[in-house]
file coords_24.tsv (TSV, C-alpha atoms)
chain	number	residue	atom	x	y	z
R	1	MET	CA	-2.10	-11.23	-22.61
R	2	PRO	CA	-4.92	-11.24	-25.17
R	3	LEU	CA	-6.32	-14.50	-26.48
R	4	ARG	CA	-7.10	-14.84	-30.15
R	5	HIS	CA	-9.37	-17.87	-30.44
R	6	SER	CA	-11.05	-18.21	-27.06
R	7	GLY	CA	-14.02	-16.14	-25.97
R	8	ILE	CA	-13.25	-16.39	-22.27
R	9	CYS	CA	-10.86	-14.73	-19.85
R	10	LYS	CA	-8.50	-17.03	-17.92
R	11	LEU	CA	-6.79	-16.48	-14.57
R	12	GLY	CA	-3.46	-17.77	-13.28
R	13	ILE	CA	-2.26	-17.15	-9.72
R	14	THR	CA	1.23	-17.87	-8.42
R	15	VAL	CA	2.05	-17.04	-4.80
R	16	SER	CA	5.56	-17.84	-3.57
R	17	LYS	CA	6.52	-18.77	-0.02
R	18	LYS	CA	8.05	-15.31	0.36
R	19	PHE	CA	4.48	-14.00	0.47
R	20	GLY	CA	3.88	-15.61	3.84
R	21	LYS	CA	2.60	-18.72	5.51
R	22	ALA	CA	0.31	-21.17	3.74
R	23	HIS	CA	-2.91	-19.79	5.24
R	24	LEU	CA	-2.08	-16.29	3.92
R	25	ARG	CA	-1.19	-17.60	0.46
R	26	ASN	CA	-4.38	-19.67	0.30
R	27	TYR	CA	-6.52	-16.77	1.51
R	28	PHE	CA	-5.04	-14.46	-1.11
R	29	LYS	CA	-5.66	-16.97	-3.91
R	30	ARG	CA	-9.21	-17.57	-2.68
R	31	ILE	CA	-10.21	-13.90	-2.70
R	32	VAL	CA	-8.53	-13.27	-6.07
R	33	ARG	CA	-10.42	-16.21	-7.63
R	34	GLU	CA	-13.70	-15.02	-6.14
R	35	ALA	CA	-13.22	-11.44	-7.37
R	36	PHE	CA	-12.31	-12.74	-10.83
R	37	ARG	CA	-15.37	-15.01	-10.87
R	38	HIS	CA	-17.66	-12.02	-10.26
R	39	ILE	CA	-16.32	-9.93	-13.14
R	40	ARG	CA	-15.18	-12.59	-15.62
R	41	HIS	CA	-18.12	-11.90	-17.95
R	42	GLU	CA	-17.22	-8.17	-18.15
R	43	LEU	CA	-13.63	-8.74	-19.25
R	44	PRO	CA	-12.46	-9.28	-22.82
R	45	SER	CA	-10.86	-12.54	-23.92
R	46	CYS	CA	-7.47	-12.58	-22.18
R	47	GLN	CA	-5.13	-14.36	-19.79
R	48	ILE	CA	-4.49	-12.68	-16.43
R	49	ILE	CA	-1.51	-13.73	-14.34
R	50	VAL	CA	-1.36	-12.57	-10.71
R	51	LEU	CA	2.07	-12.55	-9.03
R	52	PRO	CA	1.94	-10.83	-5.61
R	53	LYS	CA	5.26	-9.80	-4.07
R	54	THR	CA	4.41	-9.33	-0.41
R	55	HIS	CA	1.40	-9.22	1.89
R	56	LYS	CA	2.13	-5.87	3.56
R	57	HIS	CA	-1.37	-4.86	2.55
R	58	MET	CA	-3.75	-7.80	2.14
R	59	PRO	CA	-6.39	-6.57	-0.33
R	60	ILE	CA	-10.06	-6.82	0.47
R	61	PHE	CA	-12.62	-8.17	-1.96
R	62	ALA	CA	-13.93	-4.77	-3.10
R	63	GLU	CA	-10.40	-3.54	-3.87
R	64	LEU	CA	-9.73	-6.58	-6.03
R	65	LEU	CA	-12.93	-6.05	-8.00
R	66	GLN	CA	-11.95	-2.44	-8.71
R	67	ASP	CA	-8.40	-3.45	-9.66
R	68	PHE	CA	-9.61	-6.07	-12.12
R	69	LEU	CA	-12.15	-3.72	-13.70
R	70	HIS	CA	-9.67	-0.85	-14.15
R	71	GLN	CA	-6.26	-2.44	-14.66
R	72	VAL	CA	-7.09	-5.33	-16.97
R	73	PRO	CA	-8.61	-3.24	-19.80
R	74	GLU	CA	-5.82	-0.67	-19.35
R	75	GLY	CA	-3.14	-3.36	-19.62
R	76	LEU	CA	-4.79	-4.90	-22.67
R	77	SER	CA	-4.97	-1.54	-24.42
R	78	LYS	CA	-1.21	-1.10	-23.88
R	79	LEU	CA	-0.55	-4.53	-25.40
R	80	THR	CA	-2.65	-3.89	-28.48
R	81	LYS	CA	-0.95	-0.54	-29.17
R	82	LYS	CA	2.44	-2.23	-29.72

call {"tool": "encode", "arguments": {"input": "coords_24.tsv", "output": "structure tokens"}}
result
Amino acid sequence: MPLRHSGICKLGITVSKKFGKAHLRNYFKRIVREAFRHIRHELPSCQIIVLPKTHKHMPIFAELLQDFLHQVPEGLSKLTKK
């Protein structure tokens, strides 16, 4: 979701209990926040909401960096076309 007045990109993470036990939920949130922190300055002004469904494949840090760098600009371009 693009932001109009702010010059920063914001992150929201919601992980339900269906994802797994508390240590898995906390680990997921921790690596997502760290990946976001590393690339925050490269992203346009936006709000990113992360809602994982299951932990069948727990992403590693490098995968999250690539996902943020490729999917966020792609998602924003789809929003601005409407």

call {"tool": "closest_atom_pairs", "arguments": {"input": "coords_24.tsv", "of": "region 41-67 of chain R", "to": "region 10-27 of chain R", "cutoff": "6 Å", "atoms": "all atoms listed in the file", "output": "CSV"}}
result
residue,atom,partner,partner_atom,distance
R:Gln47,CA,R:Lys10,CA,4.7
R:Ile48,CA,R:Leu11,CA,4.8
R:Ile49,CA,R:Gly12,CA,4.6
R:Val50,CA,R:Ile13,CA,4.8
R:Leu51,CA,R:Thr14,CA,5.4
R:Thr54,CA,R:Phe19,CA,4.8
R:His55,CA,R:Phe19,CA,5.9

call {"tool": "atom_distance", "arguments": {"input": "coords_24.tsv", "atom1": "CA of Ile60 (chain R)", "atom2": "CA of Gly75 (chain R)"}}
result
21.5 Å

call {"tool": "residues_around", "arguments": {"input": "coords_24.tsv", "residues": "Pro73 (chain R)", "least_positions_apart": "3", "cutoff": "8 Å", "atoms": "all atoms listed in the file", "output": "list in words"}}
result
Leu43, Pro44, Leu69, His70, Leu76 and Ser77 of chain R

call {"tool": "atom_distance", "arguments": {"input": "coords_24.tsv", "atom1": "CA of Pro52 (chain R)", "atom2": "CA of Lys29 (chain R)"}}
result
9.9 Å

call {"tool": "atom_distance", "arguments": {"input": "coords_24.tsv", "atom1": "CA of Glu74 (chain R)", "atom2": "CA of Phe61 (chain R)"}}
result
20.1 Å

call {"tool": "decode", "arguments": {"input": "coords_24.tsv", "residues": "chain R", "atoms": "C-alpha atoms", "output": "short mmCIF file (atom, residue, chain, number, x, y, z; two decimals), in the first residue's frame"}}
result
data_model
loop_
_atom_site.label_atom_id
_atom_site.label_comp_id
_atom_site.auth_asym_id
_atom_site.auth_seq_id
_atom_site.Cartn_x
_atom_site.Cartn_y
_atom_site.Cartn_z
CA MET R 1 0.00 0.00 0.00
CA PRO R 2 1.69 3.25 -1.06
CA LEU R 3 2.05 6.12 1.39
CA ARG R 4 1.40 9.64 0.22
CA HIS R 5 2.96 11.89 2.85
CA SER R 6 5.66 9.81 4.50
CA GLY R 7 9.09 9.27 3.01
CA ILE R 8 9.67 5.93 4.73
CA CYS R 9 8.57 2.36 4.21
CA LYS R 10 6.75 0.68 7.12
CA LEU R 11 6.44 -3.01 7.98
CA GLY R 12 3.64 -4.89 9.72
CA ILE R 13 3.90 -8.59 10.60
CA THR R 14 1.03 -10.76 11.82
CA VAL R 15 1.69 -14.44 12.52
CA SER R 16 -1.22 -16.53 13.79
CA LYS R 17 -0.98 -19.55 16.08
CA LYS R 18 -1.76 -21.75 13.08
CA PHE R 19 1.77 -20.96 11.88
CA GLY R 20 3.29 -22.96 14.70
CA LYS R 21 4.62 -22.72 18.21
CA ALA R 22 5.75 -19.42 19.71
CA HIS R 23 9.45 -19.97 19.01
CA LEU R 24 8.72 -20.49 15.29
CA ARG R 25 6.48 -17.42 15.11
CA ASN R 26 9.07 -15.29 16.90
CA TYR R 27 11.89 -16.57 14.71
CA PHE R 28 9.92 -15.79 11.56
CA LYS R 29 9.14 -12.25 12.73
CA ARG R 30 12.76 -11.70 13.72
CA ILE R 31 14.21 -12.67 10.34
CA VAL R 32 11.55 -10.71 8.43
CA ARG R 33 12.31 -7.57 10.48
CA GLU R 34 16.04 -8.00 9.95
CA ALA R 35 15.68 -8.49 6.18
CA PHE R 36 13.41 -5.44 6.00
CA ARG R 37 15.90 -3.37 8.02
CA HIS R 38 18.66 -4.13 5.50
CA ILE R 39 16.69 -3.00 2.44
CA ARG R 40 14.37 -0.35 3.90
CA HIS R 41 16.35 2.49 2.30
CA GLU R 42 16.00 0.91 -1.19
CA LEU R 43 12.20 0.67 -1.07
CA PRO R 44 9.77 3.44 -1.99
CA SER R 45 7.44 4.97 0.56
CA CYS R 46 4.92 2.21 1.34
CA GLN R 47 3.35 -0.04 3.96
CA ILE R 48 4.20 -3.74 3.78
CA ILE R 49 2.05 -6.27 5.62
CA VAL R 50 3.38 -9.82 6.01
CA LEU R 51 0.81 -12.56 6.71
CA PRO R 52 2.39 -16.04 6.51
CA LYS R 53 0.04 -19.00 6.22
CA THR R 54 2.19 -21.95 7.25
CA HIS R 55 5.80 -22.76 8.04
CA LYS R 56 6.22 -25.71 5.65
CA HIS R 57 9.23 -23.89 4.28
CA MET R 58 10.86 -21.52 6.78
CA PRO R 59 12.59 -18.88 4.63
CA ILE R 60 16.23 -18.06 5.13
CA PHE R 61 17.52 -14.51 5.36
CA ALA R 62 18.82 -14.33 1.77
CA GLU R 63 15.46 -15.50 0.38
CA LEU R 64 13.64 -12.79 2.31
CA LEU R 65 15.97 -10.10 0.99
CA GLN R 66 15.32 -11.22 -2.58
CA ASP R 67 11.56 -11.42 -2.00
CA PHE R 68 11.42 -7.89 -0.60
CA LEU R 69 13.54 -6.46 -3.42
CA HIS R 70 11.51 -8.12 -6.20
CA GLN R 71 7.95 -8.40 -4.91
CA VAL R 72 7.47 -5.04 -3.20
CA PRO R 73 8.17 -2.86 -6.26
CA GLU R 74 6.13 -5.27 -8.40
CA GLY R 75 3.17 -5.07 -6.02
CA LEU R 76 3.38 -1.28 -5.85
CA SER R 77 3.41 -1.00 -9.64
CA LYS R 78 0.20 -3.07 -9.78
CA LEU R 79 -1.45 -0.75 -7.24
CA THR R 80 -0.52 2.42 -9.09
CA LYS R 81 -1.86 1.09 -12.41
CA LYS R 82 -5.42 0.87 -11.04
#
